[in-house]
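Shown next: upload.pdb, given as PDB, C-alpha atoms, pLDDT in the B column.
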```pdb
ATOM      1  CA  MET A   1     105.656  71.572 124.333  1.00 40.00           C
ATOM      2  CA  VAL A   2     103.807  71.537 121.005  1.00 49.00           C
ATOM      3  CA  GLU A   3     103.110  75.022 119.617  1.00 69.00           C
ATOM      4  CA  LYS A   4      99.544  75.978 118.831  1.00 87.00           C
ATOM      5  CA  ARG A   5      98.578  75.246 115.227  1.00 94.00           C
ATOM      6  CA  ILE A   6      97.511  78.142 113.010  1.00 98.00           C
ATOM      7  CA  ARG A   7      93.737  78.068 112.478  1.00 98.00           C
ATOM      8  CA  ALA A   8      92.633  78.750 108.883  1.00 98.00           C
ATOM      9  CA  ILE A   9      89.281  79.298 107.205  1.00 98.00           C
ATOM     10  CA  MET A  10      89.233  77.956 103.636  1.00 98.00           C
ATOM     11  CA  HIS A  11      87.123  80.337 101.540  1.00 98.00           C
ATOM     12  CA  GLY A  12      86.079  78.367  98.443  1.00 97.00           C
ATOM     13  CA  CYS A  13      86.797  75.049 100.125  1.00 97.00           C
ATOM     14  CA  ASN A  14      84.924  72.831  97.646  1.00 96.00           C
ATOM     15  CA  GLY A  15      86.590  74.120  94.485  1.00 93.00           C
ATOM     16  CA  LYS A  16      89.606  72.348  92.949  1.00 91.00           C
ATOM     17  CA  MET A  17      92.132  74.589  94.673  1.00 93.00           C
ATOM     18  CA  GLY A  18      90.183  74.547  97.930  1.00 96.00           C
ATOM     19  CA  GLN A  19      90.276  70.753  97.991  1.00 96.00           C
ATOM     20  CA  THR A  20      93.950  70.720  96.999  1.00 96.00           C
ATOM     21  CA  ILE A  21      94.791  73.050  99.891  1.00 97.00           C
ATOM     22  CA  SER A  22      92.620  71.027 102.270  1.00 97.00           C
ATOM     23  CA  GLY A  23      94.679  67.953 101.423  1.00 96.00           C
ATOM     24  CA  LEU A  24      97.979  69.763 101.879  1.00 97.00           C
ATOM     25  CA  ILE A  25      96.984  71.212 105.238  1.00 97.00           C
ATOM     26  CA  ALA A  26      95.681  67.845 106.473  1.00 96.00           C
ATOM     27  CA  ALA A  27      99.277  66.614 106.298  1.00 96.00           C
ATOM     28  CA  ASP A  28     100.788  69.758 107.862  1.00 96.00           C
ATOM     29  CA  GLU A  29     101.463  69.880 111.618  1.00 95.00           C
ATOM     30  CA  GLU A  30     101.740  73.685 111.741  1.00 97.00           C
ATOM     31  CA  ILE A  31      98.315  74.662 110.389  1.00 98.00           C
ATOM     32  CA  GLU A  32      94.764  73.302 110.332  1.00 98.00           C
ATOM     33  CA  ILE A  33      91.491  74.208 108.624  1.00 98.00           C
ATOM     34  CA  VAL A  34      88.821  74.935 111.218  1.00 98.00           C
ATOM     35  CA  ALA A  35      86.029  75.955 108.817  1.00 98.00           C
ATOM     36  CA  GLY A  36      85.214  76.197 105.131  1.00 98.00           C
ATOM     37  CA  ILE A  37      83.024  78.499 103.064  1.00 98.00           C
ATOM     38  CA  ASP A  38      81.348  77.347  99.844  1.00 97.00           C
ATOM     39  CA  ALA A  39      77.889  77.615  98.274  1.00 93.00           C
ATOM     40  CA  TYR A  40      78.411  74.163  96.721  1.00 90.00           C
ATOM     41  CA  ASP A  41      77.738  71.662  99.496  1.00 84.00           C
ATOM     42  CA  LYS A  42      78.069  68.294  97.759  1.00 87.00           C
ATOM     43  CA  VAL A  43      81.600  67.666  99.049  1.00 91.00           C
ATOM     44  CA  SER A  44      82.419  65.960 102.338  1.00 93.00           C
ATOM     45  CA  ASN A  45      84.981  67.758 104.523  1.00 96.00           C
ATOM     46  CA  PRO A  46      86.412  67.024 107.988  1.00 96.00           C
ATOM     47  CA  TYR A  47      85.573  70.584 109.094  1.00 97.00           C
ATOM     48  CA  PRO A  48      82.285  72.553 109.232  1.00 97.00           C
ATOM     49  CA  VAL A  49      81.295  74.283 105.978  1.00 97.00           C
ATOM     50  CA  PHE A  50      79.121  77.404 105.733  1.00 97.00           C
ATOM     51  CA  ARG A  51      77.355  78.516 102.562  1.00 96.00           C
ATOM     52  CA  GLU A  52      77.970  82.204 103.353  1.00 96.00           C
ATOM     53  CA  ILE A  53      80.976  83.651 105.135  1.00 97.00           C
ATOM     54  CA  ASP A  54      78.736  85.875 107.271  1.00 96.00           C
ATOM     55  CA  ALA A  55      77.372  82.713 108.895  1.00 97.00           C
ATOM     56  CA  CYS A  56      80.802  81.475 109.989  1.00 98.00           C
ATOM     57  CA  ASP A  57      81.258  81.879 113.742  1.00 96.00           C
ATOM     58  CA  VAL A  58      84.411  79.768 114.084  1.00 97.00           C
ATOM     59  CA  GLU A  59      87.468  81.456 115.614  1.00 97.00           C
ATOM     60  CA  ALA A  60      90.460  81.553 113.255  1.00 98.00           C
ATOM     61  CA  ASP A  61      93.848  83.179 112.666  1.00 98.00           C
ATOM     62  CA  VAL A  62      93.793  83.580 108.875  1.00 98.00           C
ATOM     63  CA  VAL A  63      91.606  83.115 105.793  1.00 98.00           C
ATOM     64  CA  ILE A  64      92.834  81.450 102.599  1.00 98.00           C
ATOM     65  CA  ASP A  65      90.727  82.506  99.619  1.00 97.00           C
ATOM     66  CA  PHE A  66      90.404  80.619  96.333  1.00 94.00           C
ATOM     67  CA  SER A  67      86.846  81.496  95.337  1.00 94.00           C
ATOM     68  CA  ALA A  68      85.268  83.781  92.734  1.00 92.00           C
ATOM     69  CA  ALA A  69      85.183  87.536  92.275  1.00 92.00           C
ATOM     70  CA  PRO A  70      81.506  87.987  93.346  1.00 95.00           C
ATOM     71  CA  ALA A  71      82.366  86.523  96.772  1.00 96.00           C
ATOM     72  CA  ILE A  72      85.193  88.943  97.521  1.00 96.00           C
ATOM     73  CA  ASP A  73      83.096  91.884  98.750  1.00 97.00           C
ATOM     74  CA  ALA A  74      81.618  89.915 101.647  1.00 98.00           C
ATOM     75  CA  LEU A  75      85.015  88.338 102.357  1.00 98.00           C
ATOM     76  CA  LEU A  76      86.731  91.712 102.754  1.00 98.00           C
ATOM     77  CA  THR A  77      83.969  93.009 105.029  1.00 98.00           C
ATOM     78  CA  TYR A  78      84.203  89.858 107.178  1.00 98.00           C
ATOM     79  CA  CYS A  79      88.000  90.054 107.501  1.00 98.00           C
ATOM     80  CA  VAL A  80      88.019  93.771 108.343  1.00 98.00           C
ATOM     81  CA  GLU A  81      85.289  93.375 110.984  1.00 97.00           C
ATOM     82  CA  ARG A  82      87.158  90.518 112.675  1.00 97.00           C
ATOM     83  CA  LYS A  83      90.695  91.830 112.041  1.00 97.00           C
ATOM     84  CA  LEU A  84      91.366  88.529 110.290  1.00 98.00           C
ATOM     85  CA  PRO A  85      94.377  88.355 107.913  1.00 98.00           C
ATOM     86  CA  CYS A  86      93.509  87.190 104.402  1.00 98.00           C
ATOM     87  CA  VAL A  87      95.530  85.385 101.719  1.00 98.00           C
ATOM     88  CA  LEU A  88      93.637  86.561  98.637  1.00 97.00           C
ATOM     89  CA  CYS A  89      94.154  84.232  95.672  1.00 93.00           C
ATOM     90  CA  THR A  90      91.019  84.927  93.612  1.00 91.00           C
ATOM     91  CA  THR A  91      91.736  86.597  90.257  1.00 83.00           C
ATOM     92  CA  GLY A  92      89.622  88.648  87.854  1.00 81.00           C
ATOM     93  CA  LEU A  93      88.736  91.348  90.396  1.00 88.00           C
ATOM     94  CA  SER A  94      87.183  94.577  89.126  1.00 92.00           C
ATOM     95  CA  GLY A  95      88.876  97.951  89.476  1.00 93.00           C
ATOM     96  CA  LYS A  96      86.507  98.805  92.316  1.00 97.00           C
ATOM     97  CA  GLN A  97      87.300  95.540  94.096  1.00 96.00           C
ATOM     98  CA  LEU A  98      91.038  96.162  93.774  1.00 94.00           C
ATOM     99  CA  GLU A  99      90.487  99.556  95.383  1.00 97.00           C
ATOM    100  CA  ASP A 100      88.511  97.844  98.147  1.00 97.00           C
ATOM    101  CA  VAL A 101      91.369  95.382  98.684  1.00 97.00           C
ATOM    102  CA  LYS A 102      93.812  98.265  99.073  1.00 97.00           C
ATOM    103  CA  GLU A 103      91.465 100.014 101.503  1.00 97.00           C
ATOM    104  CA  ALA A 104      91.011  96.809 103.532  1.00 98.00           C
ATOM    105  CA  SER A 105      94.793  96.414 103.791  1.00 98.00           C
ATOM    106  CA  GLY A 106      94.847  99.616 105.807  1.00 98.00           C
ATOM    107  CA  LYS A 107      92.855  97.826 108.505  1.00 98.00           C
ATOM    108  CA  VAL A 108      93.971  94.207 108.263  1.00 98.00           C
ATOM    109  CA  ALA A 109      96.808  92.163 106.746  1.00 98.00           C
ATOM    110  CA  VAL A 110      96.086  91.194 103.119  1.00 98.00           C
ATOM    111  CA  LEU A 111      98.406  89.138 100.935  1.00 98.00           C
ATOM    112  CA  LYS A 112      97.730  89.252  97.214  1.00 95.00           C
ATOM    113  CA  SER A 113     100.000  87.969  94.446  1.00 85.00           C
ATOM    114  CA  ALA A 114      99.681  87.408  90.695  1.00 77.00           C
ATOM    115  CA  ASN A 115     100.912  83.851  91.210  1.00 87.00           C
ATOM    116  CA  MET A 116     101.126  81.869  94.456  1.00 92.00           C
ATOM    117  CA  SER A 117     103.952  79.589  93.307  1.00 93.00           C
ATOM    118  CA  LEU A 118     107.109  79.980  95.385  1.00 93.00           C
ATOM    119  CA  GLY A 119     109.191  79.249  92.274  1.00 94.00           C
ATOM    120  CA  ILE A 120     107.541  81.965  90.189  1.00 94.00           C
ATOM    121  CA  ASN A 121     107.994  84.517  92.946  1.00 92.00           C
ATOM    122  CA  LEU A 122     111.660  83.646  93.244  1.00 94.00           C
ATOM    123  CA  LEU A 123     111.834  84.102  89.457  1.00 96.00           C
ATOM    124  CA  PHE A 124     110.469  87.648  89.829  1.00 94.00           C
ATOM    125  CA  LYS A 125     113.476  88.507  91.991  1.00 92.00           C
ATOM    126  CA  MET A 126     115.962  86.787  89.673  1.00 96.00           C
ATOM    127  CA  LEU A 127     114.619  88.615  86.623  1.00 97.00           C
ATOM    128  CA  LYS A 128     115.211  91.995  88.198  1.00 95.00           C
ATOM    129  CA  GLU A 129     118.887  91.172  88.629  1.00 96.00           C
ATOM    130  CA  ALA A 130     119.150  89.676  85.145  1.00 97.00           C
ATOM    131  CA  ALA A 131     117.458  92.671  83.517  1.00 97.00           C
ATOM    132  CA  GLY A 132     119.867  95.056  85.192  1.00 95.00           C
ATOM    133  CA  VAL A 133     122.725  93.287  83.419  1.00 97.00           C
ATOM    134  CA  LEU A 134     121.306  91.860  80.177  1.00 98.00           C
ATOM    135  CA  ALA A 135     118.793  94.527  79.161  1.00 96.00           C
ATOM    136  CA  GLU A 136     121.397  97.184  79.814  1.00 93.00           C
ATOM    137  CA  ALA A 137     123.710  95.241  77.491  1.00 96.00           C
ATOM    138  CA  GLY A 138     121.133  95.424  74.679  1.00 96.00           C
ATOM    139  CA  PHE A 139     119.563  91.964  74.960  1.00 98.00           C
ATOM    140  CA  ASP A 140     116.038  91.674  73.496  1.00 98.00           C
ATOM    141  CA  ILE A 141     113.367  90.362  75.864  1.00 98.00           C
ATOM    142  CA  GLU A 142     110.571  87.945  74.949  1.00 98.00           C
ATOM    143  CA  ILE A 143     108.112  86.079  77.170  1.00 98.00           C
ATOM    144  CA  VAL A 144     106.279  82.926  76.049  1.00 98.00           C
ATOM    145  CA  GLU A 145     103.525  81.487  78.244  1.00 98.00           C
ATOM    146  CA  LYS A 146     101.606  78.236  77.735  1.00 97.00           C
ATOM    147  CA  HIS A 147      98.376  77.119  79.413  1.00 96.00           C
ATOM    148  CA  HIS A 148      95.570  74.599  79.001  1.00 96.00           C
ATOM    149  CA  ASN A 149      92.915  74.989  76.318  1.00 97.00           C
ATOM    150  CA  LEU A 150      90.221  76.093  78.779  1.00 93.00           C
ATOM    151  CA  LYS A 151      92.032  79.228  79.930  1.00 91.00           C
ATOM    152  CA  LYS A 152      90.100  82.262  78.701  1.00 85.00           C
ATOM    153  CA  ASP A 153      92.465  85.189  79.256  1.00 85.00           C
ATOM    154  CA  ALA A 154      95.669  85.831  77.331  1.00 91.00           C
ATOM    155  CA  PRO A 155      98.356  86.658  78.087  1.00 93.00           C
ATOM    156  CA  SER A 156      98.350  85.180  81.561  1.00 91.00           C
ATOM    157  CA  GLY A 157      98.474  87.402  84.610  1.00 87.00           C
ATOM    158  CA  THR A 158     101.762  85.743  85.516  1.00 92.00           C
ATOM    159  CA  ALA A 159     103.310  86.626  82.136  1.00 95.00           C
ATOM    160  CA  LEU A 160     102.315  90.244  82.650  1.00 94.00           C
ATOM    161  CA  ALA A 161     103.709  90.185  86.183  1.00 92.00           C
ATOM    162  CA  LEU A 162     107.007  88.799  84.859  1.00 96.00           C
ATOM    163  CA  ALA A 163     107.134  91.602  82.301  1.00 97.00           C
ATOM    164  CA  ASP A 164     106.295  94.139  84.996  1.00 96.00           C
ATOM    165  CA  SER A 165     109.116  92.922  87.234  1.00 95.00           C
ATOM    166  CA  ILE A 166     111.587  93.519  84.396  1.00 97.00           C
ATOM    167  CA  ASN A 167     110.067  96.826  83.364  1.00 98.00           C
ATOM    168  CA  GLU A 168     110.092  98.201  86.908  1.00 96.00           C
ATOM    169  CA  GLU A 169     113.795  97.408  87.173  1.00 96.00           C
ATOM    170  CA  MET A 170     114.367  99.290  83.897  1.00 97.00           C
ATOM    171  CA  GLY A 171     112.449 102.399  84.922  1.00 97.00           C
ATOM    172  CA  ASN A 172     109.287 101.372  83.028  1.00 97.00           C
ATOM    173  CA  ALA A 173     110.986 102.259  79.747  1.00 97.00           C
ATOM    174  CA  TYR A 174     109.642  99.226  77.832  1.00 98.00           C
ATOM    175  CA  GLU A 175     106.397  98.783  75.900  1.00 97.00           C
ATOM    176  CA  TYR A 176     104.608  95.424  75.651  1.00 98.00           C
ATOM    177  CA  VAL A 177     103.933  93.907  72.221  1.00 96.00           C
ATOM    178  CA  TYR A 178     101.365  91.089  71.999  1.00 95.00           C
ATOM    179  CA  ASP A 179     100.948  90.529  68.258  1.00 88.00           C
ATOM    180  CA  ARG A 180     103.687  90.848  65.648  1.00 89.00           C
ATOM    181  CA  SER A 181     101.460  89.840  62.733  1.00 89.00           C
ATOM    182  CA  ARG A 182      99.956  93.312  62.352  1.00 85.00           C
ATOM    183  CA  VAL A 183     103.159  95.201  61.568  1.00 85.00           C
ATOM    184  CA  ARG A 184     105.987  94.044  59.292  1.00 90.00           C
ATOM    185  CA  GLU A 185     109.025  95.794  60.730  1.00 91.00           C
ATOM    186  CA  PRO A 186     111.981  94.985  62.995  1.00 93.00           C
ATOM    187  CA  ARG A 187     111.293  94.918  66.731  1.00 94.00           C
ATOM    188  CA  ALA A 188     112.064  98.040  68.698  1.00 94.00           C
ATOM    189  CA  LYS A 189     114.785  97.908  71.314  1.00 94.00           C
ATOM    190  CA  LYS A 190     112.566  99.092  74.151  1.00 96.00           C
ATOM    191  CA  GLU A 191     109.884  96.448  73.932  1.00 97.00           C
ATOM    192  CA  ILE A 192     108.991  93.166  75.603  1.00 98.00           C
ATOM    193  CA  GLY A 193     107.244  90.655  73.350  1.00 97.00           C
ATOM    194  CA  ILE A 194     104.618  88.514  75.084  1.00 98.00           C
ATOM    195  CA  SER A 195     103.213  85.420  73.344  1.00 97.00           C
ATOM    196  CA  ALA A 196     100.465  83.033  74.500  1.00 97.00           C
ATOM    197  CA  VAL A 197      99.980  79.345  73.637  1.00 97.00           C
ATOM    198  CA  ARG A 198      96.802  77.435  74.531  1.00 98.00           C
ATOM    199  CA  GLY A 199      96.481  73.666  74.324  1.00 98.00           C
ATOM    200  CA  GLY A 200      95.818  70.389  76.082  1.00 98.00           C
ATOM    201  CA  THR A 201      96.104  70.294  79.854  1.00 96.00           C
ATOM    202  CA  ILE A 202      99.213  72.454  80.321  1.00 97.00           C
ATOM    203  CA  VAL A 203      99.042  73.742  83.892  1.00 94.00           C
ATOM    204  CA  GLY A 204     101.348  76.693  83.325  1.00 94.00           C
ATOM    205  CA  ASP A 205     104.668  77.178  81.499  1.00 97.00           C
ATOM    206  CA  HIS A 206     106.558  80.478  81.374  1.00 98.00           C
ATOM    207  CA  ASP A 207     109.794  81.221  79.526  1.00 98.00           C
ATOM    208  CA  VAL A 208     111.558  84.580  79.739  1.00 98.00           C
ATOM    209  CA  ILE A 209     114.106  84.909  76.932  1.00 98.00           C
ATOM    210  CA  PHE A 210     116.988  87.381  76.883  1.00 98.00           C
ATOM    211  CA  ALA A 211     118.382  87.238  73.337  1.00 98.00           C
ATOM    212  CA  GLY A 212     121.650  89.013  72.609  1.00 98.00           C
ATOM    213  CA  ALA A 213     124.310  88.894  69.930  1.00 96.00           C
ATOM    214  CA  ASP A 214     125.480  85.281  69.687  1.00 97.00           C
ATOM    215  CA  GLU A 215     124.000  84.177  73.028  1.00 98.00           C
ATOM    216  CA  VAL A 216     120.611  83.539  74.619  1.00 98.00           C
ATOM    217  CA  VAL A 217     119.739  83.307  78.306  1.00 98.00           C
ATOM    218  CA  THR A 218     116.360  81.713  79.158  1.00 98.00           C
ATOM    219  CA  PHE A 219     114.604  81.571  82.522  1.00 98.00           C
ATOM    220  CA  SER A 220     111.929  78.868  82.656  1.00 98.00           C
ATOM    221  CA  HIS A 221     109.270  77.806  85.107  1.00 97.00           C
ATOM    222  CA  ARG A 222     107.044  74.733  84.709  1.00 97.00           C
ATOM    223  CA  ALA A 223     104.047  73.982  86.892  1.00 95.00           C
ATOM    224  CA  TYR A 224     103.157  70.282  86.683  1.00 94.00           C
ATOM    225  CA  SER A 225     100.098  70.460  88.928  1.00 93.00           C
ATOM    226  CA  LYS A 226      97.938  73.007  90.708  1.00 88.00           C
ATOM    227  CA  ALA A 227      99.494  71.824  93.967  1.00 93.00           C
ATOM    228  CA  VAL A 228     102.360  74.304  93.504  1.00 94.00           C
ATOM    229  CA  PHE A 229      99.879  77.154  93.906  1.00 93.00           C
ATOM    230  CA  GLY A 230      98.302  75.467  96.920  1.00 95.00           C
ATOM    231  CA  LYS A 231     101.684  74.999  98.604  1.00 95.00           C
ATOM    232  CA  GLY A 232     102.427  78.674  98.107  1.00 96.00           C
ATOM    233  CA  ALA A 233      99.068  79.652  99.589  1.00 97.00           C
ATOM    234  CA  VAL A 234      99.705  77.500 102.663  1.00 97.00           C
ATOM    235  CA  GLN A 235     103.144  79.084 103.157  1.00 96.00           C
ATOM    236  CA  ALA A 236     101.548  82.502 102.737  1.00 97.00           C
ATOM    237  CA  ALA A 237      98.928  81.715 105.397  1.00 98.00           C
ATOM    238  CA  LYS A 238     101.620  80.667 107.868  1.00 97.00           C
ATOM    239  CA  PHE A 239     103.494  83.888 107.150  1.00 97.00           C
ATOM    240  CA  LEU A 240     100.469  86.188 107.347  1.00 98.00           C
ATOM    241  CA  ALA A 241      98.897  84.919 110.578  1.00 97.00           C
ATOM    242  CA  GLY A 242      99.561  87.499 113.282  1.00 96.00           C
ATOM    243  CA  LYS A 243     100.924  90.143 110.908  1.00 97.00           C
ATOM    244  CA  PRO A 244      99.868  93.796 111.303  1.00 97.00           C
ATOM    245  CA  ALA A 245      97.626  95.556 108.772  1.00 98.00           C
ATOM    246  CA  GLY A 246      99.207  96.138 105.375  1.00 98.00           C
ATOM    247  CA  MET A 247      99.459  94.883 101.809  1.00 98.00           C
ATOM    248  CA  TYR A 248     101.775  91.911 101.397  1.00 97.00           C
ATOM    249  CA  ASP A 249     102.772  89.690  98.477  1.00 93.00           C
ATOM    250  CA  MET A 250     104.675  86.443  97.942  1.00 93.00           C
ATOM    251  CA  GLY A 251     107.899  88.374  97.766  1.00 89.00           C
ATOM    252  CA  ASP A 252     107.484  88.996 101.493  1.00 94.00           C
ATOM    253  CA  VAL A 253     106.976  85.265 102.092  1.00 93.00           C
ATOM    254  CA  ILE A 254     110.176  84.173 100.363  1.00 88.00           C
ATOM    255  CA  GLY A 255     112.149  87.075 101.868  1.00 79.00           C
TER     256      GLY A 255
END
```
Target encoding structure tokens, full file:
Amino acid sequence: MVEKRIRAIMHGCNGKMGQTISGLIAADEEIEIVAGIDAYDKVSNPYPVFREIDACDVEADVVIDFSAAPAIDALLTYCVERKLPCVLCTTGLSGKQLEDVKEASGKVAVLKSANMSLGINLLFKMLKEAAGVLAEAGFDIEIVEKHHNLKKDAPSGTALALADSINEEMGNAYEYVYDRSRVREPRAKKEIGISAVRGGTIVGDHDVIFAGADEVVTFSHRAYSKAVFGKGAVQAAKFLAGKPAGMYDMGDVIG
């Protein structure tokens, strides 16, 4: 007997990530997209598309969101009203919206992560273990991130999340330094340097460097296409469907 497929609503279905996820799910036997939401309607999809989420009357098990910050308020209201779990991938939310996300998670399952890549989220876990050994041994810590020339923010949210994962393991004893050109002095021991590179079409490179006396240990992650984020979002949707109310992240997905 074939198990029932998970029914997903793709919020932001006509954007680049929405179309990437649509393609991934089309080839997946465990999940299907039953409806899409997008104000831009010049894309052909094999499922019904609504311009506003309030107009969507299709039954579903989970929402996957890759949209824009202004659309999140209506999304949260919709999910809470229908007790519909939500994989929230949109970035750049305001402080008020982040508070609203936390409040919504008290009523429905919400999964939010700084980066949807399974590899990056495994790296978060690995860095905690490495920091407990290497930082304690006096290794200096530097993070270098590289992205395409159209990316506006720096450093990346993922670079900050990598730094946070280390800092949390070390009791939040480290300060972050973003620009060494302003002060001519040796680095402090309790700091994490974070550098940003912008150029070309780099999807996303992150290197975490532990530099000690006579040895260097580097953890690297390379994203070669946006599909890695889409694959993570699909895995997250499968995980979140049917879960009770609460705030989840990709760490819960990878276990």
Next on the checklist: Translate the PyMOL selection byres ((chain A and resi 132) around 12) into a concrete residue list for this structure, as a PyMOL selection string.
Outcome noted: chain A and resi 125-131+133-139+165-171+210
Please produce a file of those selected residues containing C-alpha atoms, as a CSV table (one decimal), keeping the file's coordinate frame.
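Saved file out_9.csv follows:
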```
chain,number,residue,atom,x,y,z
A,125,LYS,CA,113.5,88.5,92.0
A,126,MET,CA,116.0,86.8,89.7
A,127,LEU,CA,114.6,88.6,86.6
A,128,LYS,CA,115.2,92.0,88.2
A,129,GLU,CA,118.9,91.2,88.6
A,130,ALA,CA,119.2,89.7,85.1
A,131,ALA,CA,117.5,92.7,83.5
A,133,VAL,CA,122.7,93.3,83.4
A,134,LEU,CA,121.3,91.9,80.2
A,135,ALA,CA,118.8,94.5,79.2
A,136,GLU,CA,121.4,97.2,79.8
A,137,ALA,CA,123.7,95.2,77.5
A,138,GLY,CA,121.1,95.4,74.7
A,139,PHE,CA,119.6,92.0,75.0
A,165,SER,CA,109.1,92.9,87.2
A,166,ILE,CA,111.6,93.5,84.4
A,167,ASN,CA,110.1,96.8,83.4
A,168,GLU,CA,110.1,98.2,86.9
A,169,GLU,CA,113.8,97.4,87.2
A,170,MET,CA,114.4,99.3,83.9
A,171,GLY,CA,112.4,102.4,84.9
A,210,PHE,CA,117.0,87.4,76.9
```
Next on the checklist: Rounded to one decimal, what separation in Å do you get between CA of Ala71 in chain A and CA of Asp54 in chain A?
Outcome noted: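 Value for the CA of Ala71 in chain A-CA of Asp54 in chain A distance: 11.1 Å.
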Next on the checklist: Residues near Ser195 in chain A, anyone? I mean within 8 Å using all atoms listed in the file, not counting same-chain ones fewer than 3 positions away, as a list in words.
Outcome noted: Glu142, Ile143, Val144, Glu145, Pro155, Tyr178 and Asp179 of chain A
What does the file look like for those residues with C-alpha atoms, as a PDB file, in the frame of the given file?
```
ATOM      1  CA  GLU A 142     110.571  87.945  74.949  1.00 98.00           C
ATOM      2  CA  ILE A 143     108.112  86.079  77.170  1.00 98.00           C
ATOM      3  CA  VAL A 144     106.279  82.926  76.049  1.00 98.00           C
ATOM      4  CA  GLU A 145     103.525  81.487  78.244  1.00 98.00           C
ATOM      5  CA  PRO A 155      98.356  86.658  78.087  1.00 93.00           C
ATOM      6  CA  TYR A 178     101.365  91.089  71.999  1.00 95.00           C
ATOM      7  CA  ASP A 179     100.948  90.529  68.258  1.00 88.00           C
TER       8      ASP A 179
END
```
Checklist entry - Looking at only C-alpha atoms, which of A:Ala196, A:Leu111, A:Pro70, A:Ile53 is the one that sits closest to Val177 in chain A? => result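 Among the listed residues, A:Ala196 lies closest to Val177 in chain A.
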Next on the checklist: I'd like to know which of A:Thr218, A:Asp140, A:Ser117, A:Arg198 is closest to Pro186 in chain A, using all atoms listed in the file.
Outcome noted: A:Asp140
Given the PyMOL selection byres ((chain A and resi 106) around 10), the residues it picks as a PDB file with C-alpha atoms, in the frame of the given file:
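Here's the written file part-v9.pdb:
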```pdb
ATOM      1  CA  VAL A  80      88.019  93.771 108.343  1.00 98.00           C
ATOM      2  CA  VAL A 101      91.369  95.382  98.684  1.00 97.00           C
ATOM      3  CA  LYS A 102      93.812  98.265  99.073  1.00 97.00           C
ATOM      4  CA  GLU A 103      91.465 100.014 101.503  1.00 97.00           C
ATOM      5  CA  ALA A 104      91.011  96.809 103.532  1.00 98.00           C
ATOM      6  CA  SER A 105      94.793  96.414 103.791  1.00 98.00           C
ATOM      7  CA  LYS A 107      92.855  97.826 108.505  1.00 98.00           C
ATOM      8  CA  VAL A 108      93.971  94.207 108.263  1.00 98.00           C
ATOM      9  CA  ALA A 109      96.808  92.163 106.746  1.00 98.00           C
ATOM     10  CA  VAL A 110      96.086  91.194 103.119  1.00 98.00           C
ATOM     11  CA  PRO A 244      99.868  93.796 111.303  1.00 97.00           C
ATOM     12  CA  ALA A 245      97.626  95.556 108.772  1.00 98.00           C
ATOM     13  CA  GLY A 246      99.207  96.138 105.375  1.00 98.00           C
ATOM     14  CA  MET A 247      99.459  94.883 101.809  1.00 98.00           C
TER      15      MET A 247
END
```
Next on the checklist: Given the PyMOL selection byres ((chain A and resi 200) around 7) and the file above, list the residues it selects as a ChimeraX atom specification.
Outcome noted: /A:148-149,199,201-202
Once 4 Å is added on each side, what are the centre and the three edge lengths, in Å to one decimal, of the axis-aligned box enclosing the listed atoms of range 28-33 of chain A? Present them as AutoDock Vina command-line options.
```
--center_x 96.6 --center_y 72.2 --center_z 109.8 --size_x 18.2 --size_y 12.9 --size_z 11.9
```
Item to check | Computed interatomic separation between CA of Arg187 in chain A and CA of Gly212 in chain A (Å) | outcome: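 Distance reported for this atom pair: 13.3 Å.
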Item to check | Near-Val87 in chain A list (12 Å; all atoms listed in the file; drop same-chain fewer than 3 positions) as JSON, numbers by chain | outcome: {"A": [8, 9, 10, 11, 61, 62, 63, 64, 65, 66, 67, 72, 75, 76, 79, 84, 90, 101, 105, 108, 109, 110, 111, 112, 113, 114, 115, 116, 230, 232, 233, 234, 235, 236, 237, 238, 239, 240, 241, 243, 246, 247, 248, 249, 250, 253]}
Checklist entry - Could you state the separation of CA of Asp57 in chain A and CA of Ile37 in chain A in Å, given to one decimal place? => result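 Between CA of Asp57 in chain A and CA of Ile37 in chain A the gap works out to 11.3 Å.
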Checklist entry - Taking only C-alpha atoms into account, which of A:Lys42, A:His206, A:Arg51, A:Lys190 comes nearest Leu162 in chain A? => result A:His206
Next on the checklist: With all atoms listed in the file as the counted atoms, please give the residues lying no more than 9 Å from Glu32 in chain A, apart from itself and same-chain residues fewer than 2 positions off, as a ChimeraX atom specification.
Outcome noted: /A:5-9,22,25-26,28-30,34
Item to check | Option closest in space to Ile192 in chain A, from A:Asp207, A:Ile141, A:Gly242, A:Lys4 [counting only C-alpha atoms] | outcome: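 So, comparing all the options, the nearest one is A:Ile141.
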Checklist entry - Which of these, A:Ala60, A:Ala154, A:Leu93, A:Ile254, has the shortest distance to Ala35 in chain A once you count only C-alpha atoms? => result A:Ala60
Item to check | Residue with smallest distance to Pro46 in chain A - pool A:Ile21, A:Ile33, A:Leu118, A:Val58, counting all atoms listed in the file | outcome: A:Ile33
